[in-house]
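The next block is structure_29.txt, given as compact mmCIF, C-alpha atoms and all ligand atoms.
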```
# COMPACT_ATOMS: atom_id res chain seq x y z
CA MET O 16 20.03 20.21 11.35
CA ASN O 17 21.22 16.74 12.26
CA ASP O 18 20.07 16.67 15.88
CA PHE O 19 16.74 18.06 16.98
CA LEU O 20 13.79 17.47 19.28
CA ILE O 21 10.19 16.84 18.29
CA TYR O 22 7.57 17.51 20.93
CA SER O 23 3.82 16.94 20.94
CA LYS O 24 1.06 16.26 23.43
CA GLN O 25 -0.01 13.46 21.07
CA CYS O 26 2.91 11.22 20.11
CA PHE O 27 1.93 7.68 19.13
CA ILE O 28 4.09 5.52 21.40
CA ASN O 29 3.36 1.95 22.50
CA ASN O 30 -0.06 2.14 20.85
CA GLN O 31 -1.10 5.23 22.78
CA LEU O 32 -1.18 8.96 22.11
CA VAL O 33 0.98 10.44 24.86
CA GLU O 34 2.88 13.65 25.58
CA ALA O 35 6.50 13.06 24.65
CA THR O 36 9.68 14.46 23.18
CA LEU O 37 11.63 12.59 20.52
CA TYR O 38 15.34 13.22 20.30
CA ILE O 39 16.34 12.74 16.65
CA LYS O 40 20.01 12.18 15.95
CA ASN O 41 21.84 10.90 12.87
CA GLU O 42 18.76 9.65 10.99
CA LYS O 43 17.48 7.73 14.03
CA ILE O 44 15.15 8.18 16.97
CA HIS O 45 17.95 8.47 19.50
CA GLN O 46 15.75 8.84 22.56
CA VAL O 47 12.07 8.88 23.49
CA ILE O 48 11.47 11.08 26.52
CA LYS O 49 8.21 11.32 28.47
CA GLY O 50 6.63 14.77 28.55
CA LEU O 51 8.21 18.04 27.47
CA HIS O 52 11.98 17.99 27.45
CA THR O 53 14.50 20.47 26.10
CA ILE O 54 18.26 20.15 25.67
CA GLU O 55 20.55 23.15 25.46
CA ASN O 56 21.62 24.04 21.91
CA ILE O 57 19.41 21.36 20.34
CA PRO O 58 16.60 22.77 18.16
CA PHE O 59 13.12 22.10 19.57
CA LEU O 60 10.09 21.62 17.31
CA ASP O 61 6.90 22.16 19.27
CA TYR O 62 3.93 20.52 17.58
CA GLY O 63 1.45 21.25 20.35
CA ASN O 64 -1.61 19.05 19.84
CA LEU O 65 -0.72 17.70 16.39
CA ILE O 66 -0.43 13.93 15.93
CA VAL O 67 3.17 12.74 15.74
CA MET O 68 3.33 9.18 14.48
CA PRO O 69 5.64 6.78 12.64
CA GLY O 70 5.80 7.47 8.90
CA ILE O 71 3.27 5.53 6.84
CA ILE O 72 4.49 2.37 5.11
CA ASP O 73 2.54 1.65 1.92
CA ALA O 74 3.30 -1.94 0.96
CA HIS O 75 1.38 -1.91 -2.34
CA VAL O 76 2.31 0.68 -4.97
CA HIS O 77 2.76 0.63 -8.76
CA ILE O 78 5.25 3.21 -10.06
CA ASN O 79 5.63 1.96 -13.67
CA GLU O 80 9.20 3.17 -14.20
CA PRO O 81 11.21 2.31 -16.26
CA GLY O 82 9.31 1.78 -19.47
CA ARG O 83 6.00 3.41 -18.62
CA GLU O 84 7.17 6.71 -17.15
CA ASP O 85 4.25 8.37 -18.89
CA TRP O 86 1.97 6.50 -16.42
CA GLU O 87 3.86 7.33 -13.21
CA GLY O 88 7.47 7.61 -12.09
CA PHE O 89 9.70 7.44 -9.03
CA GLU O 90 10.08 11.22 -8.82
CA THR O 91 6.37 12.04 -8.87
CA ALA O 92 5.13 9.01 -6.89
CA THR O 93 7.62 9.46 -4.05
CA LYS O 94 6.98 13.21 -3.94
CA ALA O 95 3.24 12.54 -3.60
CA ALA O 96 4.03 9.93 -0.95
CA ALA O 97 6.15 12.32 1.13
CA ILE O 98 3.49 15.03 0.98
CA GLY O 99 0.91 12.42 2.02
CA GLY O 100 2.94 11.36 5.07
CA ILE O 101 4.21 8.11 3.56
CA THR O 102 7.89 7.53 4.29
CA THR O 103 8.35 4.03 2.88
CA LEU O 104 6.70 2.28 -0.04
CA ILE O 105 7.17 -1.08 -1.69
CA GLU O 106 6.85 -1.20 -5.45
CA MET O 107 5.12 -3.97 -7.40
CA PRO O 108 6.89 -6.01 -10.12
CA LEU O 109 4.48 -4.67 -12.74
CA ASN O 110 3.61 -2.31 -14.59
CA ALA O 111 7.13 -1.14 -15.43
CA SER O 112 8.82 -2.48 -18.53
CA PRO O 113 10.69 -4.72 -18.10
CA VAL O 114 8.62 -6.35 -15.39
CA THR O 115 10.62 -7.41 -12.32
CA THR O 116 10.89 -11.12 -13.02
CA THR O 117 14.66 -11.58 -13.32
CA VAL O 118 17.70 -10.22 -11.46
CA GLU O 119 18.63 -8.29 -14.58
CA SER O 120 15.27 -6.51 -14.72
CA PHE O 121 15.42 -5.92 -10.95
CA LYS O 122 18.79 -4.19 -11.42
CA ILE O 123 17.33 -2.08 -14.22
CA LYS O 124 14.53 -1.02 -11.88
CA GLN O 125 16.95 -0.19 -9.06
CA ASN O 126 18.96 1.95 -11.48
CA ALA O 127 15.80 3.70 -12.62
CA ALA O 128 14.92 4.53 -9.02
CA THR O 129 18.39 5.69 -7.98
CA GLY O 130 18.65 9.43 -7.40
CA LYS O 131 14.89 9.98 -7.63
CA LEU O 132 13.57 8.80 -4.29
CA HIS O 133 11.93 11.31 -1.95
CA VAL O 134 10.89 8.47 0.41
CA ASN O 135 12.33 5.01 1.07
CA CYS O 136 11.47 2.46 -1.57
CA GLY O 137 11.74 -1.32 -1.72
CA PHE O 138 10.56 -3.80 -4.33
CA TYR O 139 8.75 -7.06 -4.91
CA GLY O 140 9.70 -9.59 -7.58
CA GLY O 141 7.16 -11.31 -9.82
CA ILE O 142 6.32 -14.89 -10.69
CA ILE O 143 5.16 -15.58 -14.26
CA PRO O 144 4.89 -18.96 -16.05
CA THR O 145 8.48 -18.85 -17.36
CA ASN O 146 10.64 -17.65 -14.46
CA ALA O 147 10.43 -20.22 -11.66
CA ASN O 148 14.21 -20.61 -11.91
CA ASP O 149 14.78 -16.89 -11.35
CA ILE O 150 12.94 -16.66 -8.04
CA GLU O 151 15.80 -17.71 -5.76
CA ALA O 152 18.17 -15.18 -7.34
CA LEU O 153 15.56 -12.42 -7.04
CA ILE O 154 15.19 -13.21 -3.35
CA ASN O 155 18.96 -13.12 -2.87
CA GLU O 156 19.05 -9.77 -4.66
CA GLY O 157 16.70 -8.29 -2.02
CA VAL O 158 13.03 -8.35 -3.01
CA PHE O 159 10.51 -8.23 -0.15
CA GLY O 160 8.16 -10.84 -1.61
CA ILE O 161 7.08 -12.56 -4.80
CA LYS O 162 3.86 -11.41 -6.45
CA GLY O 163 1.71 -13.42 -8.85
CA PHE O 164 -1.68 -13.17 -10.55
CA LEU O 165 -4.23 -15.95 -10.82
CA THR O 166 -6.04 -14.13 -13.63
CA HIS O 167 -4.88 -11.89 -16.51
CA SER O 168 -2.88 -9.02 -15.02
CA GLY O 169 -3.67 -6.46 -17.72
CA ILE O 170 0.01 -6.45 -18.72
CA ASN O 171 0.94 -8.96 -21.41
CA GLU O 172 4.54 -9.30 -20.19
CA PHE O 173 3.19 -10.42 -16.83
CA PRO O 174 1.01 -13.46 -17.58
CA ASN O 175 -0.89 -15.16 -14.80
CA ILE O 176 0.26 -18.36 -13.16
CA THR O 177 -1.56 -21.49 -12.10
CA ARG O 178 -1.35 -23.97 -9.26
CA GLU O 179 1.62 -25.77 -10.89
CA HIS O 180 3.78 -22.64 -10.87
CA LEU O 181 2.95 -22.00 -7.23
CA GLU O 182 3.87 -25.58 -6.36
CA ALA O 183 7.16 -25.18 -8.23
CA ILE O 184 8.32 -22.11 -6.30
CA ALA O 185 6.86 -22.92 -2.88
CA PRO O 186 10.00 -24.74 -1.64
CA VAL O 187 12.17 -21.70 -2.44
CA LEU O 188 9.75 -19.35 -0.69
CA LYS O 189 9.79 -21.71 2.28
CA LYS O 190 13.59 -21.85 2.35
CA TYR O 191 13.85 -18.05 2.65
CA ASN O 192 10.56 -17.47 4.50
CA ILE O 193 9.58 -14.90 1.86
CA PRO O 194 5.89 -14.08 1.31
CA LEU O 195 3.98 -15.02 -1.80
CA LEU O 196 1.66 -12.13 -2.67
CA LEU O 197 -1.35 -13.20 -4.68
CA HIS O 198 -3.83 -11.24 -6.74
CA CYS O 199 -6.78 -13.44 -5.88
CA GLU O 200 -9.20 -13.60 -8.78
CA LEU O 201 -9.67 -16.94 -10.52
CA SER O 202 -11.64 -16.26 -13.68
CA ASP O 203 -14.31 -18.58 -15.10
CA ASN O 204 -17.12 -18.26 -17.62
CA ASN O 205 -19.78 -18.18 -14.98
CA VAL O 206 -20.49 -14.48 -15.59
CA PRO O 207 -23.21 -12.65 -17.53
CA LYS O 208 -22.63 -11.54 -21.12
CA VAL O 209 -21.81 -7.86 -21.51
CA ASN O 210 -24.39 -5.70 -23.27
CA ASN O 211 -23.36 -2.20 -22.30
CA PRO O 212 -19.63 -1.74 -21.60
CA LYS O 213 -20.32 1.67 -20.08
CA SER O 214 -22.48 0.19 -17.33
CA TYR O 215 -20.76 -0.06 -13.94
CA GLN O 216 -23.21 -2.76 -12.87
CA GLU O 217 -22.16 -4.90 -15.83
CA TYR O 218 -18.49 -4.36 -15.06
CA LEU O 219 -19.11 -5.34 -11.44
CA GLN O 220 -21.00 -8.47 -12.44
CA SER O 221 -18.19 -9.46 -14.81
CA ARG O 222 -15.85 -9.95 -11.82
CA PRO O 223 -18.00 -11.63 -9.17
CA GLN O 224 -17.13 -12.42 -5.58
CA HIS O 225 -16.75 -16.12 -6.37
CA TRP O 226 -13.71 -15.32 -8.55
CA GLU O 227 -12.05 -13.99 -5.42
CA THR O 228 -13.18 -16.78 -3.10
CA ASN O 229 -12.13 -19.50 -5.57
CA ALA O 230 -8.67 -17.94 -5.79
CA ILE O 231 -8.48 -17.53 -2.02
CA ASP O 232 -9.28 -21.23 -1.58
CA LEU O 233 -6.31 -22.07 -3.82
CA ALA O 234 -4.10 -19.60 -1.93
CA LEU O 235 -5.09 -21.12 1.42
CA GLU O 236 -4.48 -24.62 0.16
CA ILE O 237 -0.97 -23.73 -1.07
CA GLN O 238 -0.26 -21.89 2.17
CA GLU O 239 -1.24 -24.87 4.27
CA ARG O 240 0.34 -27.57 2.13
CA PHE O 241 3.76 -25.91 1.90
CA ASP O 242 3.62 -23.99 5.18
CA ILE O 243 4.71 -20.79 3.43
CA LYS O 244 3.84 -17.14 3.97
CA VAL O 245 0.94 -16.15 1.73
CA HIS O 246 -0.41 -12.62 1.47
CA ILE O 247 -3.72 -11.83 -0.19
CA VAL O 248 -3.49 -8.40 -1.77
CA HIS O 249 -6.44 -6.00 -2.12
CA LEU O 250 -9.31 -8.13 -0.88
CA SER O 251 -12.61 -6.71 -2.14
CA ALA O 252 -15.01 -9.64 -1.67
CA SER O 253 -16.34 -9.79 1.88
CA GLU O 254 -17.33 -13.41 1.17
CA GLY O 255 -13.62 -14.19 1.36
CA LEU O 256 -13.23 -12.96 4.93
CA GLU O 257 -14.55 -15.93 6.88
CA ARG O 258 -12.29 -18.56 5.30
CA ILE O 259 -9.25 -16.31 5.76
CA LYS O 260 -10.14 -15.73 9.39
CA LYS O 261 -10.53 -19.45 9.98
CA ARG O 262 -7.13 -20.26 8.51
CA LYS O 263 -5.49 -17.40 10.41
CA GLN O 264 -6.56 -19.01 13.67
CA LYS O 265 -4.19 -21.85 12.79
CA THR O 266 -1.22 -19.98 11.32
CA ASN O 267 0.48 -16.60 11.40
CA LYS O 268 1.78 -17.13 7.87
CA LEU O 269 -1.42 -15.95 6.20
CA THR O 270 -1.95 -12.20 5.83
CA VAL O 271 -4.47 -10.02 4.01
CA GLU O 272 -4.80 -6.36 3.07
CA THR O 273 -7.52 -4.18 1.66
CA CYS O 274 -7.16 -0.78 0.04
CA SER O 275 -8.53 2.73 0.40
CA HIS O 276 -10.89 2.61 -2.58
CA TYR O 277 -12.74 -0.51 -1.37
CA LEU O 278 -13.30 1.21 1.96
CA TYR O 279 -14.09 4.67 0.60
CA PHE O 280 -16.42 4.02 -2.35
CA ASN O 281 -19.32 1.75 -3.08
CA ALA O 282 -20.86 0.59 -6.35
CA GLU O 283 -24.20 2.33 -5.87
CA ASN O 284 -22.46 5.71 -6.11
CA ILE O 285 -20.34 4.95 -9.18
CA PRO O 286 -21.90 6.51 -12.28
CA ASP O 287 -21.96 4.70 -15.61
CA ALA O 288 -19.27 5.63 -18.14
CA SER O 289 -16.78 6.56 -15.39
CA PRO O 290 -13.84 4.13 -15.61
CA ILE O 291 -11.84 6.40 -13.34
CA TYR O 292 -13.31 4.05 -10.70
CA LYS O 293 -12.19 0.90 -12.49
CA CYS O 294 -9.99 -1.47 -10.56
CA ALA O 295 -9.73 -5.23 -10.23
CA PRO O 296 -11.21 -6.77 -8.22
CA PRO O 297 -13.95 -4.16 -8.51
CA ILE O 298 -15.40 -1.83 -5.91
CA ARG O 299 -18.53 -3.65 -4.72
CA GLU O 300 -21.89 -2.71 -3.19
CA LYS O 301 -22.47 -0.75 0.00
CA GLN O 302 -23.38 -3.88 1.91
CA ASN O 303 -19.99 -5.37 1.00
CA ASN O 304 -18.28 -2.11 1.94
CA ASP O 305 -19.90 -2.25 5.40
CA LEU O 306 -18.65 -5.80 5.88
CA LEU O 307 -15.11 -4.76 4.91
CA TRP O 308 -15.30 -1.99 7.49
CA ASN O 309 -16.51 -4.43 10.14
CA ALA O 310 -13.48 -6.55 9.30
CA VAL O 311 -11.17 -3.53 9.71
CA LEU O 312 -12.72 -2.82 13.11
CA ASN O 313 -12.42 -6.50 14.09
CA ASP O 314 -8.69 -6.61 13.23
CA ASP O 315 -9.25 -9.06 10.36
CA PHE O 316 -6.93 -7.13 8.03
CA ASN O 317 -3.21 -7.18 8.68
CA PHE O 318 -2.66 -3.79 7.08
CA LEU O 319 -4.10 -1.26 4.65
CA ALA O 320 -2.47 -0.03 1.45
CA SER O 321 -3.18 2.28 -1.48
CA ASP O 322 -2.65 -0.04 -4.48
CA HIS O 323 -1.80 3.21 -6.28
CA SER O 324 -1.95 2.17 -9.94
CA PRO O 325 -2.29 5.17 -12.22
CA ALA O 326 -2.41 5.38 -16.00
CA PRO O 327 -2.64 8.24 -18.50
CA PRO O 328 -6.21 9.59 -18.99
CA GLU O 329 -6.52 8.02 -22.45
CA ARG O 330 -5.72 4.56 -21.01
CA LYS O 331 -8.41 5.10 -18.42
CA GLN O 332 -10.89 5.68 -21.29
CA LEU O 333 -12.02 8.83 -19.55
CA GLU O 334 -13.65 10.17 -22.70
CA GLU O 335 -15.06 6.94 -24.09
CA GLY O 336 -16.29 5.64 -20.75
CA ASP O 337 -15.76 1.96 -21.60
CA PHE O 338 -15.19 0.01 -18.38
CA PHE O 339 -13.99 -3.06 -20.27
CA LYS O 340 -11.33 -1.31 -22.37
CA ALA O 341 -10.11 0.99 -19.59
CA TRP O 342 -7.00 0.34 -17.54
CA GLY O 343 -7.91 -1.09 -14.16
CA GLY O 344 -6.17 0.81 -11.41
CA ILE O 345 -6.86 3.72 -9.10
CA SER O 346 -4.57 6.63 -8.43
CA GLY O 347 -4.59 7.92 -4.86
CA LEU O 348 -1.32 7.27 -3.01
CA GLN O 349 -1.08 10.80 -1.64
CA PHE O 350 -4.40 10.66 0.22
CA THR O 351 -4.40 7.31 2.03
CA LEU O 352 -4.22 8.77 5.52
CA PRO O 353 -7.02 11.39 5.24
CA LEU O 354 -9.25 9.00 3.24
CA LEU O 355 -9.08 6.23 5.80
CA PHE O 356 -9.21 8.62 8.75
CA SER O 357 -12.21 10.56 7.41
CA GLU O 358 -14.28 7.51 6.52
CA GLY O 359 -13.07 5.53 9.54
CA ARG O 360 -13.91 8.15 12.16
CA GLN O 361 -17.58 7.92 11.16
CA ARG O 362 -17.42 4.18 11.78
CA GLY O 363 -15.70 4.22 15.12
CA LEU O 364 -12.17 3.57 13.88
CA THR O 365 -9.84 4.97 16.53
CA LEU O 366 -6.37 6.29 15.82
CA GLU O 367 -5.06 3.55 18.10
CA LYS O 368 -6.41 1.09 15.54
CA LEU O 369 -5.79 3.02 12.31
CA ILE O 370 -2.17 4.03 12.90
CA PRO O 371 -0.74 0.49 13.33
CA LEU O 372 -2.59 -0.63 10.18
CA LEU O 373 -0.51 1.94 8.26
CA THR O 374 2.79 1.65 10.13
CA GLU O 375 3.71 -1.12 12.54
CA ASN O 376 1.74 -3.87 10.79
CA PRO O 377 3.12 -3.39 7.27
CA ALA O 378 6.61 -3.07 8.83
CA GLU O 379 6.12 -6.48 10.42
CA PHE O 380 4.87 -8.00 7.15
CA LEU O 381 7.98 -6.70 5.37
CA GLY O 382 10.39 -7.87 8.07
CA LEU O 383 11.24 -4.23 8.91
CA GLU O 384 9.78 -4.38 12.42
CA GLN O 385 13.15 -3.81 14.13
CA GLN O 386 13.76 -0.69 12.10
CA LYS O 387 10.54 1.03 11.05
CA GLY O 388 6.89 1.47 11.98
CA LYS O 389 7.26 2.64 15.59
CA LEU O 390 8.42 5.70 17.50
CA GLN O 391 11.00 3.80 19.46
CA GLU O 392 14.64 4.30 20.40
CA GLY O 393 17.00 3.10 17.70
CA PHE O 394 14.34 3.13 14.98
CA ASP O 395 14.68 5.09 11.73
CA ALA O 396 13.46 8.68 12.14
CA ASP O 397 10.63 8.36 9.60
CA ILE O 398 7.91 10.49 11.16
CA THR O 399 4.60 12.01 10.07
CA VAL O 400 3.07 15.02 11.77
CA TRP O 401 -0.57 15.75 11.00
CA ASP O 402 -3.62 17.62 12.14
CA ASP O 403 -6.67 15.44 12.75
CA SER O 404 -8.98 18.43 13.14
CA GLU O 405 -8.22 20.27 9.93
CA THR O 406 -10.10 19.62 6.66
CA PHE O 407 -8.97 20.17 3.10
CA THR O 408 -10.34 19.55 -0.38
CA ILE O 409 -8.50 17.49 -2.98
CA THR O 410 -7.96 19.85 -5.90
CA GLU O 411 -5.85 19.38 -9.02
CA GLU O 412 -3.32 21.91 -7.66
CA ILE O 413 -2.41 19.75 -4.68
CA ILE O 414 -2.26 16.38 -6.47
CA GLN O 415 1.38 15.43 -7.01
CA HIS O 416 0.89 12.14 -8.89
CA LYS O 417 2.02 12.27 -12.52
CA HIS O 418 -1.63 12.51 -13.62
CA LYS O 419 -4.31 14.51 -11.89
CA ALA O 420 -7.04 12.01 -12.75
CA THR O 421 -8.31 10.33 -9.59
CA PRO O 422 -11.77 9.41 -8.33
CA TYR O 423 -10.89 11.27 -5.12
CA LEU O 424 -10.89 14.69 -6.83
CA ASN O 425 -13.04 17.28 -5.00
CA GLU O 426 -13.43 15.11 -1.89
CA THR O 427 -13.19 17.08 1.35
CA LEU O 428 -11.32 15.18 4.02
CA PHE O 429 -10.26 15.41 7.62
CA GLY O 430 -6.60 15.00 8.43
CA LYS O 431 -3.94 17.24 6.99
CA VAL O 432 -0.31 16.20 6.85
CA ILE O 433 1.81 19.08 8.13
CA HIS O 434 5.41 17.82 8.23
CA THR O 435 7.06 14.60 7.06
CA PHE O 436 10.49 13.44 8.19
CA VAL O 437 12.39 10.88 6.11
CA ASN O 438 15.54 9.38 7.66
CA GLY O 439 15.75 12.21 10.19
CA VAL O 440 15.30 15.05 7.69
CA GLN O 441 12.20 17.23 7.54
CA VAL O 442 11.38 16.93 3.85
CA VAL O 443 7.80 18.25 3.76
CA GLU O 444 6.58 21.50 5.18
CA ASN O 445 2.87 22.32 4.93
CA GLY O 446 2.17 20.41 1.74
CA LYS O 447 5.42 21.35 -0.03
CA LEU O 448 8.45 19.17 -0.62
CA LYS O 449 11.31 21.35 0.53
CA ILE O 450 14.26 18.95 0.80
CA HIS O 451 14.65 16.50 -2.04
CA ARG O 452 15.82 12.92 -2.47
CA GLN O 453 16.21 11.84 1.15
CA GLY O 454 14.72 8.40 0.44
CA LYS O 455 16.82 5.25 0.39
CA LEU O 456 16.61 2.21 -1.79
CA LEU O 457 15.62 -0.66 0.51
CA LEU O 458 16.85 -4.16 -0.11
CA ASN O 459 15.51 -7.06 1.91
CA LYS O 460 18.23 -8.67 3.98
CA ILE O 461 17.21 -12.27 3.88
CA GLU O 462 18.06 -14.75 6.54
CA ARG O 463 18.25 -18.35 5.59
CA ARG O 464 16.11 -20.54 7.75
ZN ZN O 501 -1.78 -3.66 -7.34
```
Could you quickly redo this structure as structure tokens?
Ligand SMILES: [Zn+2]
Amino acid sequence: MNDFLIYSKQCFINNQLVEATLYIKNEKIHQVIKGLHTIENIPFLDYGNLIVMPGIIDAHVHINEPGREDWEGFETATKAAAIGGITTLIEMPLNASPVTTTVESFKIKQNAATGKLHVNCGFYGGIIPTNANDIEALINEGVFGIKGFLTHSGINEFPNITREHLEAIAPVLKKYNIPLLLHCELSDNNVPKVNNPKSYQEYLQSRPQHWETNAIDLALEIQERFDIKVHIVHLSASEGLERIKKRKQKTNKLTVETCSHYLYFNAENIPDASPIYKCAPPIREKQNNDLLWNAVLNDDFNFLASDHSPAPPERKQLEEGDFFKAWGGISGLQFTLPLLFSEGRQRGLTLEKLIPLLTENPAEFLGLEQQKGKLQEGFDADITVWDDSETFTITEEIIQHKHKATPYLNETLFGKVIHTFVNGVQVVENGKLKIHRQGKLLLNKIERR
């Protein structure tokens, strides 16, 4: 079925839910037609009142392959993505082994991904203290950005960088107009001593808001001084919002994301000895969570992402319950849409606001805005069809990540993905992946400024 029509009373077109018919032809949205429209001999898919929207673009995912396939892999992560309505994801330069810090390791990663992708997948490169001279070649090879940490990453092969390293690579990032993605925590000793490593409160206090704001100040300074694109990944500290907002009034080169878990959970509800909730920066108090939601509603975030970062149960210290020894990272890629929709609807988040945060906005950040993120003629036919009135419960049977462990287990959510189309092929039908490996490897086509 190469050519077909998709019809719904609620297609998300030009930021509105409208009745329309999409004519899909040769992997693309060939035509967008107002209202109900049929064409002789062309199959017609009638979705009635279901939401038809651009496929979700998750710009922050850790897949861990090659080298740590026992944590997650391309096959399982992209299958979970497809079933969750995600049609494109961008993979971080850690926690695979080797880490993506040279062209050679980038090629190894591309090889590892080849033949396994159920959705489209692109990659970021990484900056560590020893690879400033590799950055230009990584950009030419097609990474979508360069990611660095300002504190220990948790992976020894991916040490954190300092101001000097950022200064060294800024001219190259400027030359290619490629974003610098920063994990903004700047550690210091101004934290309480740990008495009980199983206490969530103690874990939270060990990574205070000022670590984030200090790092953000450095990020903003580098952004301004070199006039480069800087993206702050997974903001958790609401105290960081105001300074970001202020700088954004002066430049469009500063962007910021937050992630599902910071919006869905709060510290008061996290039991002790449950490192399944561990991530860095940590999930903070309810008051902070409310401020993050206000920022979502006020358009202060450029986009939302999963920061899917799973690990085997023993690495998560699920039996021992030690927050300080456990791997920091939350598994949840498959459920981004229903999580954000369910929590957001109680807070007045409209679909007109939520959908672009998951589609058009990440496409723009990645430089894919002429190709993905909208239901528009000529765009790639990456499409998600879902039911905003149906609820479901996250059970182990439906989780497609490599490991079932996730803090979202047993949550009942609104918003069920029905069908997912990747490059014009219907790959998911009612929660099952029925056509395999339709994803493409995405390389960033850079334009020299
Ligand atoms: Zn991450």
Could you list, as a compact mmCIF listing (two decimals) with C-alpha atoms, in the coordinates of the input, all the residues within 9 Å of ligand ZN 501 (chain O), counting all atoms listed in the file?
```
# COMPACT_ATOMS: atom_id res chain seq x y z
CA HIS O 75 1.38 -1.91 -2.34
CA VAL O 76 2.31 0.68 -4.97
CA HIS O 77 2.76 0.63 -8.76
CA MET O 107 5.12 -3.97 -7.40
CA LEU O 109 4.48 -4.67 -12.74
CA HIS O 198 -3.83 -11.24 -6.74
CA VAL O 248 -3.49 -8.40 -1.77
CA HIS O 249 -6.44 -6.00 -2.12
CA ALA O 295 -9.73 -5.23 -10.23
CA SER O 321 -3.18 2.28 -1.48
CA ASP O 322 -2.65 -0.04 -4.48
CA HIS O 323 -1.80 3.21 -6.28
CA SER O 324 -1.95 2.17 -9.94
CA GLY O 344 -6.17 0.81 -11.41
```
Using all atoms listed in the file, find each residue in range 55-109 of chain O having at least one atom no more than 10 Å away from range 299-319 of chain O; report its shortest atom-to-atom pair and that distance in Å (one decimal), rows by chain then rising number, as CSV.
```
residue,atom,partner,partner_atom,distance
O:Ile72,CA,O:Leu319,CA,9.3
O:Asp73,CA,O:Leu319,CA,7.7
O:Ala74,CA,O:Leu319,CA,8.3
O:His75,CA,O:Leu319,CA,8.9
```
Residues of range 373-425 of chain O within 12 Å of range 173-193 of chain O: nearest atom pair and distance (Å, one decimal) for each, counting all atoms listed in the file, sorted by chain and number, as CSV?
```
residue,atom,partner,partner_atom,distance
O:Phe380,CA,O:Ile193,CA,9.9
O:Leu381,CA,O:Ile193,CA,9.1
O:Gly382,CA,O:Ile193,CA,9.4
```
Query - Sel. within 12 Å of pt (-23.0, -3.4, -14.7), counting only C-alpha atoms, output as a ChimeraX atom specification - result: /O:206-223,282-283,285-290,293,297-300,337-339
Could you take the residues named above and write them with C-alpha atoms, as a PDB file, keeping the file's coordinate frame?
```
ATOM      1  CA  VAL O 206     -20.490 -14.480 -15.590  1.00  0.00           C
ATOM      2  CA  PRO O 207     -23.210 -12.650 -17.530  1.00  0.00           C
ATOM      3  CA  LYS O 208     -22.630 -11.540 -21.120  1.00  0.00           C
ATOM      4  CA  VAL O 209     -21.810  -7.860 -21.510  1.00  0.00           C
ATOM      5  CA  ASN O 210     -24.390  -5.700 -23.270  1.00  0.00           C
ATOM      6  CA  ASN O 211     -23.360  -2.200 -22.300  1.00  0.00           C
ATOM      7  CA  PRO O 212     -19.630  -1.740 -21.600  1.00  0.00           C
ATOM      8  CA  LYS O 213     -20.320   1.670 -20.080  1.00  0.00           C
ATOM      9  CA  SER O 214     -22.480   0.190 -17.330  1.00  0.00           C
ATOM     10  CA  TYR O 215     -20.760  -0.060 -13.940  1.00  0.00           C
ATOM     11  CA  GLN O 216     -23.210  -2.760 -12.870  1.00  0.00           C
ATOM     12  CA  GLU O 217     -22.160  -4.900 -15.830  1.00  0.00           C
ATOM     13  CA  TYR O 218     -18.490  -4.360 -15.060  1.00  0.00           C
ATOM     14  CA  LEU O 219     -19.110  -5.340 -11.440  1.00  0.00           C
ATOM     15  CA  GLN O 220     -21.000  -8.470 -12.440  1.00  0.00           C
ATOM     16  CA  SER O 221     -18.190  -9.460 -14.810  1.00  0.00           C
ATOM     17  CA  ARG O 222     -15.850  -9.950 -11.820  1.00  0.00           C
ATOM     18  CA  PRO O 223     -18.000 -11.630  -9.170  1.00  0.00           C
ATOM     19  CA  ALA O 282     -20.860   0.590  -6.350  1.00  0.00           C
ATOM     20  CA  GLU O 283     -24.200   2.330  -5.870  1.00  0.00           C
ATOM     21  CA  ILE O 285     -20.340   4.950  -9.180  1.00  0.00           C
ATOM     22  CA  PRO O 286     -21.900   6.510 -12.280  1.00  0.00           C
ATOM     23  CA  ASP O 287     -21.960   4.700 -15.610  1.00  0.00           C
ATOM     24  CA  ALA O 288     -19.270   5.630 -18.140  1.00  0.00           C
ATOM     25  CA  SER O 289     -16.780   6.560 -15.390  1.00  0.00           C
ATOM     26  CA  PRO O 290     -13.840   4.130 -15.610  1.00  0.00           C
ATOM     27  CA  LYS O 293     -12.190   0.900 -12.490  1.00  0.00           C
ATOM     28  CA  PRO O 297     -13.950  -4.160  -8.510  1.00  0.00           C
ATOM     29  CA  ILE O 298     -15.400  -1.830  -5.910  1.00  0.00           C
ATOM     30  CA  ARG O 299     -18.530  -3.650  -4.720  1.00  0.00           C
ATOM     31  CA  GLU O 300     -21.890  -2.710  -3.190  1.00  0.00           C
ATOM     32  CA  ASP O 337     -15.760   1.960 -21.600  1.00  0.00           C
ATOM     33  CA  PHE O 338     -15.190   0.010 -18.380  1.00  0.00           C
ATOM     34  CA  PHE O 339     -13.990  -3.060 -20.270  1.00  0.00           C
TER      35      PHE O 339
END
```
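Proximity ranking of O:Val432, O:Val158, O:Ile414, O:Leu364 relative to Gly70 in chain O places O:Val432 first, based on all atoms listed in the file.
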Query raised in the report: Contacts of Thr117 in chain O at 8 Å or less, counting only C-alpha atoms, minus same-chain residues fewer than 5 places along, as a ChimeraX atom specification?
Result: /O:140,146,149-150,152-153
Report task. Could you please determine the separation between CA of His451 in chain O and CA of Lys431 in chain O in Å, to one decimal place? Result -> 20.7 Å
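Checking O:Gly99, O:Gly359, O:Gly336, O:Gly160 one by one against Leu448 in chain O, counting all atoms listed in the file, you find the shortest gap at O:Gly99.
Here the question is which of O:Pro422, O:Pro328, O:Pro371, O:Gly169 gets nearest to Leu390 in chain O using all atoms listed in the file, and that residue is O:Pro371.
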